[in-house]
>>> print(open('entry06.cif').read())   # mmCIF, C-alpha atoms
data_model
#
loop_
_atom_site.label_atom_id
_atom_site.label_comp_id
_atom_site.auth_asym_id
_atom_site.auth_seq_id
_atom_site.Cartn_x
_atom_site.Cartn_y
_atom_site.Cartn_z
CA MET A 93 -87.48 18.10 28.69
CA THR A 94 -87.24 21.72 27.76
CA ARG A 95 -85.66 23.07 24.69
CA THR A 96 -82.82 24.78 26.65
CA LYS A 97 -81.82 21.55 28.35
CA LYS A 98 -81.54 19.70 25.00
CA THR A 99 -79.33 22.45 23.54
CA ARG A 100 -76.92 22.30 26.53
CA MET A 101 -76.61 18.51 26.18
CA LYS A 102 -75.80 18.79 22.46
CA ARG A 103 -73.15 21.44 23.12
CA ARG A 104 -71.50 19.36 25.85
CA GLY A 105 -71.44 16.28 23.60
CA GLY A 106 -69.91 18.31 20.77
CA ARG A 107 -67.19 19.68 23.07
CA VAL A 108 -66.30 16.22 24.33
CA THR A 109 -66.02 14.94 20.75
CA VAL A 110 -63.75 17.84 19.70
CA ILE A 111 -61.50 17.49 22.77
CA GLY A 112 -61.22 13.73 22.26
CA THR A 113 -60.34 14.14 18.59
CA LEU A 114 -57.67 16.76 19.34
CA GLY A 115 -56.19 14.57 22.08
CA LEU A 116 -56.02 11.57 19.77
CA ALA A 117 -54.40 13.64 17.02
CA SER A 118 -51.69 14.98 19.35
CA VAL A 119 -50.83 11.49 20.63
CA THR A 120 -50.61 10.17 17.07
CA LEU A 121 -48.28 12.97 15.96
CA ALA A 122 -46.05 12.57 19.02
CA ALA A 123 -45.71 8.81 18.48
CA GLY A 124 -44.69 9.14 14.81
CA PRO A 125 -41.18 8.11 13.81
CA ALA A 126 -38.36 10.64 13.67
CA PHE A 127 -36.00 10.09 10.76
CA ALA A 128 -32.32 10.96 10.94
CA LYS A 129 -30.77 12.60 7.94
CA GLY A 130 -27.51 11.51 6.46
CA SER A 131 -25.70 9.86 3.58
CA VAL A 132 -22.67 7.77 2.76
CA ASP A 133 -20.85 7.54 -0.59
CA ILE A 134 -17.95 5.44 -1.82
CA THR A 135 -15.84 5.85 -4.96
CA ALA A 136 -13.45 3.38 -6.57
CA PRO A 137 -12.28 2.73 -10.14
CA HIS A 138 -14.21 0.18 -12.18
CA THR A 139 -11.05 -1.59 -13.30
CA ALA A 140 -7.46 -1.85 -12.10
CA HIS A 141 -4.33 -3.60 -13.37
CA VAL A 142 -2.43 -6.27 -11.45
CA GLY A 143 0.53 -4.76 -9.60
CA LYS A 144 -0.87 -1.21 -9.70
CA THR A 145 -2.20 0.80 -6.77
CA PHE A 146 -5.67 2.35 -6.82
CA THR A 147 -7.56 4.56 -4.38
CA VAL A 148 -10.87 3.90 -2.65
CA THR A 149 -12.46 6.91 -0.91
CA ALA A 150 -15.57 7.33 1.21
CA HIS A 151 -17.36 10.21 2.85
CA GLY A 152 -20.55 10.40 4.84
CA ASN A 153 -22.55 12.18 7.49
CA ASP A 154 -25.46 11.51 9.84
CA ASP A 155 -27.23 13.67 12.39
CA ALA A 156 -28.23 10.79 14.70
CA ALA A 157 -25.01 10.86 16.77
CA SER A 158 -22.78 13.49 18.36
CA TYR A 159 -19.61 12.19 16.71
CA LEU A 160 -18.99 10.19 13.53
CA ARG A 161 -16.34 7.92 12.08
CA ILE A 162 -16.33 6.28 8.66
CA CYS A 163 -14.56 3.02 7.88
CA LEU A 164 -13.83 1.19 4.64
CA GLU A 165 -14.43 -2.55 4.43
CA GLY A 166 -13.36 -4.88 1.64
CA ARG A 167 -13.68 -8.47 0.45
CA SER A 168 -12.85 -10.66 -2.52
CA GLY A 169 -14.35 -13.88 -3.76
CA GLY A 170 -17.45 -13.63 -1.56
CA GLN A 171 -15.45 -14.01 1.67
CA ALA A 172 -16.26 -12.17 4.91
CA TRP A 173 -15.90 -8.38 5.10
CA HIS A 174 -12.71 -7.10 6.72
CA GLN A 175 -12.02 -3.57 7.86
CA MET A 176 -9.34 -1.85 5.80
CA THR A 177 -9.06 1.62 7.31
CA CYS A 178 -11.00 4.21 9.28
CA GLY A 179 -11.06 7.98 9.11
CA ALA A 180 -10.74 10.42 11.97
CA VAL A 181 -13.55 11.01 14.47
CA VAL A 182 -15.46 14.19 13.57
CA SER A 183 -18.35 16.03 15.20
CA THR A 184 -21.83 15.92 13.67
CA GLY A 185 -22.26 18.45 10.89
CA THR A 186 -18.80 17.68 9.50
CA ASP A 187 -18.26 15.22 6.66
CA ALA A 188 -16.43 12.08 7.83
CA GLN A 189 -13.84 10.87 5.30
CA ALA A 190 -11.62 7.82 4.77
CA THR A 191 -9.16 6.90 2.03
CA ALA A 192 -7.44 3.59 1.29
CA HIS A 193 -4.66 2.92 -1.21
CA VAL A 194 -4.94 -0.68 -2.40
CA LYS A 195 -2.38 -2.61 -4.43
CA ALA A 196 -3.98 -5.13 -6.79
CA ARG A 197 -1.99 -8.33 -6.20
CA HIS A 198 -3.79 -10.74 -8.56
CA SER A 199 -6.70 -10.71 -10.97
CA SER A 200 -10.08 -10.99 -9.25
CA VAL A 201 -13.19 -9.00 -8.42
CA LEU A 202 -12.86 -6.86 -5.30
CA GLU A 203 -15.81 -5.35 -3.43
CA TYR A 204 -15.73 -2.38 -1.09
CA ARG A 205 -18.26 -0.62 1.13
CA ALA A 206 -18.21 2.27 3.57
CA VAL A 207 -19.77 2.21 7.04
CA VAL A 208 -20.63 5.29 9.12
CA TYR A 209 -20.42 4.74 12.88
CA GLY A 210 -22.04 7.00 15.48
CA LEU A 211 -20.21 7.74 18.72
CA THR A 212 -21.33 9.50 21.91
CA SER A 213 -17.88 10.99 22.59
CA PRO A 214 -14.59 11.25 20.66
CA ASN A 215 -13.20 8.31 22.69
CA ASP A 216 -16.34 6.11 22.62
CA ARG A 217 -15.30 2.43 22.71
CA HIS A 218 -18.74 1.17 21.54
CA PRO A 219 -19.62 2.81 18.22
CA VAL A 220 -23.02 2.15 16.66
CA ARG A 221 -23.38 1.37 12.95
CA GLU A 222 -25.56 4.14 11.48
CA ARG A 223 -25.33 3.74 7.69
CA THR A 224 -23.74 1.45 5.11
CA SER A 225 -23.02 2.40 1.51
CA GLY A 226 -23.74 0.36 -1.56
CA LEU A 227 -21.02 -1.80 -3.11
CA ALA A 228 -18.15 -0.47 -5.19
CA THR A 229 -16.79 -3.25 -7.40
CA VAL A 230 -13.28 -3.22 -8.90
CA ASN A 231 -12.32 -5.71 -11.62
CA VAL A 232 -8.59 -6.42 -11.38
CA ARG A 233 -7.07 -7.58 -14.71
#
>>> encode(input="entry06.cif", output="structure tokens")
Amino acid sequence: MTRTKKTRMKRRGGRVTVIGTLGLASVTLAAGPAFAKGSVDITAPHTAHVGKTFTVTAHGNDDAASYLRICLEGRSGGQAWHQMTCGAVVSTGTDAQATAHVKARHSSVLEYRAVVYGLTSPNDRHPVRERTSGLATVNVR
């Protein structure tokens, strides 16, 4: 084998290795997860008095859906969550908001959370749960 022939074979092998590595890198980057950005916050007083009304508010956003709606859910005594109220449907990029005025009927510990739903249109009948806030606990005395 001549020296020229060996050099051509080495070059070809090097090119194949570089092309294969670049191809593998592009497939890996394309298959990586895409993360949606967003947040959800809830505010409520730490304590409330029996017979008095207090306010629970929530706001949130998410860029995974075209339209958003935020709802407040509540429970007491470890029972199942029930939906209290929902805010208006807003387009992505706008902060979704909901407010509930709750009258404390008896002493107990009440828990609240906010849920952001994604919708494909303003009249979507099948919203998708995007984010859920942490708990806001109110001690009623």
>>> resolve_selection(input="entry06.cif", expression="the PyMOL selection byres ((chain A and resi 188-201) around 10)", output="ChimeraX atom specification")
/A:132-136,138-154,159-165,167-170,176-187,202-203,206,208-209,229-233
>>> atom_distance(input="entry06.cif", atom1="atom CA of A:Val220", atom2="atom CA of A:Ser158")
11.5 Å
>>> atom_distance(input="entry06.cif", atom1="atom CA of A:His174", atom2="atom CA of A:Asp155")
26.0 Å
>>> atom_distance(input="entry06.cif", atom1="atom CA of A:Ala228", atom2="atom CA of A:Pro137")
8.3 Å
>>> closest_residue(input="entry06.cif", among="A:Ser225, A:Arg205, A:Pro214, A:Ser131", to="A:Gly166", atoms="only C-alpha atoms")
A:Arg205
>>> closest_residue(input="entry06.cif", among="A:Glu222, A:Ala156, A:Arg217, A:Ala172", to="A:Tyr204", atoms="only C-alpha atoms")
A:Ala172
>>> build_atoms(input="entry06.cif", residues="stretch 188-217 of chain A", atoms="N, CA and C atoms", output="mmCIF file, keeping the file's coordinate frame")
data_model
loop_
_atom_site.group_PDB
_atom_site.id
_atom_site.type_symbol
_atom_site.label_atom_id
_atom_site.label_comp_id
_atom_site.auth_asym_id
_atom_site.auth_seq_id
_atom_site.Cartn_x
_atom_site.Cartn_y
_atom_site.Cartn_z
ATOM 1 N N ALA A 188 -17.445 13.062 7.465
ATOM 2 C CA ALA A 188 -16.430 12.080 7.830
ATOM 3 C C ALA A 188 -15.840 11.510 6.547
ATOM 4 N N GLN A 189 -14.501 11.335 6.518
ATOM 5 C CA GLN A 189 -13.840 10.870 5.300
ATOM 6 C C GLN A 189 -12.821 9.779 5.621
ATOM 7 N N ALA A 190 -12.640 8.867 4.671
ATOM 8 C CA ALA A 190 -11.620 7.820 4.770
ATOM 9 C C ALA A 190 -11.093 7.524 3.371
ATOM 10 N N THR A 191 -9.803 7.224 3.298
ATOM 11 C CA THR A 191 -9.160 6.900 2.030
ATOM 12 C C THR A 191 -8.261 5.687 2.217
ATOM 13 N N ALA A 192 -8.309 4.761 1.257
ATOM 14 C CA ALA A 192 -7.440 3.590 1.290
ATOM 15 C C ALA A 192 -6.742 3.472 -0.058
ATOM 16 N N HIS A 193 -5.451 3.170 -0.003
ATOM 17 C CA HIS A 193 -4.660 2.920 -1.210
ATOM 18 C C HIS A 193 -4.435 1.406 -1.265
ATOM 19 N N VAL A 194 -4.956 0.775 -2.300
ATOM 20 C CA VAL A 194 -4.940 -0.680 -2.400
ATOM 21 C C VAL A 194 -4.079 -1.096 -3.581
ATOM 22 N N LYS A 195 -3.188 -2.066 -3.346
ATOM 23 C CA LYS A 195 -2.380 -2.610 -4.430
ATOM 24 C C LYS A 195 -3.028 -3.902 -4.911
ATOM 25 N N ALA A 196 -3.349 -3.954 -6.188
ATOM 26 C CA ALA A 196 -3.980 -5.130 -6.790
ATOM 27 C C ALA A 196 -2.931 -6.211 -6.963
ATOM 28 N N ARG A 197 -3.011 -7.290 -6.195
ATOM 29 C CA ARG A 197 -1.990 -8.330 -6.200
ATOM 30 C C ARG A 197 -2.224 -9.403 -7.268
ATOM 31 N N HIS A 198 -3.479 -9.732 -7.543
ATOM 32 C CA HIS A 198 -3.790 -10.740 -8.560
ATOM 33 C C HIS A 198 -5.156 -10.422 -9.151
ATOM 34 N N SER A 199 -5.438 -11.023 -10.308
ATOM 35 C CA SER A 199 -6.700 -10.710 -10.970
ATOM 36 C C SER A 199 -7.873 -11.356 -10.221
ATOM 37 N N SER A 200 -8.861 -10.552 -9.960
ATOM 38 C CA SER A 200 -10.080 -10.990 -9.250
ATOM 39 C C SER A 200 -11.070 -9.834 -9.246
ATOM 40 N N VAL A 201 -12.199 -10.058 -8.606
ATOM 41 C CA VAL A 201 -13.190 -9.000 -8.420
ATOM 42 C C VAL A 201 -13.174 -8.621 -6.944
ATOM 43 N N LEU A 202 -12.909 -7.359 -6.671
ATOM 44 C CA LEU A 202 -12.860 -6.860 -5.300
ATOM 45 C C LEU A 202 -14.085 -6.003 -5.028
ATOM 46 N N GLU A 203 -14.632 -6.133 -3.834
ATOM 47 C CA GLU A 203 -15.810 -5.350 -3.430
ATOM 48 C C GLU A 203 -15.455 -4.512 -2.212
ATOM 49 N N TYR A 204 -15.970 -3.300 -2.200
ATOM 50 C CA TYR A 204 -15.730 -2.380 -1.090
ATOM 51 C C TYR A 204 -17.038 -1.732 -0.665
ATOM 52 N N ARG A 205 -17.130 -1.383 0.615
ATOM 53 C CA ARG A 205 -18.260 -0.620 1.130
ATOM 54 C C ARG A 205 -17.774 0.287 2.247
ATOM 55 N N ALA A 206 -18.537 1.332 2.498
ATOM 56 C CA ALA A 206 -18.210 2.270 3.570
ATOM 57 C C ALA A 206 -19.281 2.165 4.647
ATOM 58 N N VAL A 207 -18.867 2.291 5.907
ATOM 59 C CA VAL A 207 -19.770 2.210 7.040
ATOM 60 C C VAL A 207 -19.578 3.437 7.914
ATOM 61 N N VAL A 208 -20.677 4.133 8.227
ATOM 62 C CA VAL A 208 -20.630 5.290 9.120
ATOM 63 C C VAL A 208 -21.024 4.815 10.514
ATOM 64 N N TYR A 209 -20.165 5.102 11.493
ATOM 65 C CA TYR A 209 -20.420 4.740 12.880
ATOM 66 C C TYR A 209 -20.735 6.004 13.684
ATOM 67 N N GLY A 210 -21.702 5.903 14.578
ATOM 68 C CA GLY A 210 -22.040 7.000 15.480
ATOM 69 C C GLY A 210 -21.402 6.762 16.838
ATOM 70 N N LEU A 211 -20.857 7.827 17.426
ATOM 71 C CA LEU A 211 -20.210 7.740 18.720
ATOM 72 C C LEU A 211 -20.819 8.796 19.651
ATOM 73 N N THR A 212 -20.806 8.532 20.960
ATOM 74 C CA THR A 212 -21.330 9.500 21.910
ATOM 75 C C THR A 212 -20.266 10.484 22.378
ATOM 76 N N SER A 213 -18.995 10.114 22.244
ATOM 77 C CA SER A 213 -17.880 10.990 22.590
ATOM 78 C C SER A 213 -16.723 10.675 21.644
ATOM 79 N N PRO A 214 -15.713 11.541 21.573
ATOM 80 C CA PRO A 214 -14.590 11.250 20.660
ATOM 81 C C PRO A 214 -13.849 9.955 21.010
ATOM 82 N N ASN A 215 -13.911 9.518 22.262
ATOM 83 C CA ASN A 215 -13.200 8.310 22.690
ATOM 84 C C ASN A 215 -14.142 7.145 22.964
ATOM 85 N N ASP A 216 -15.335 7.164 22.399
ATOM 86 C CA ASP A 216 -16.340 6.110 22.620
ATOM 87 C C ASP A 216 -15.782 4.772 22.158
ATOM 88 N N ARG A 217 -15.832 3.745 23.039
ATOM 89 C CA ARG A 217 -15.300 2.430 22.710
ATOM 90 C C ARG A 217 -16.377 1.499 22.141
#
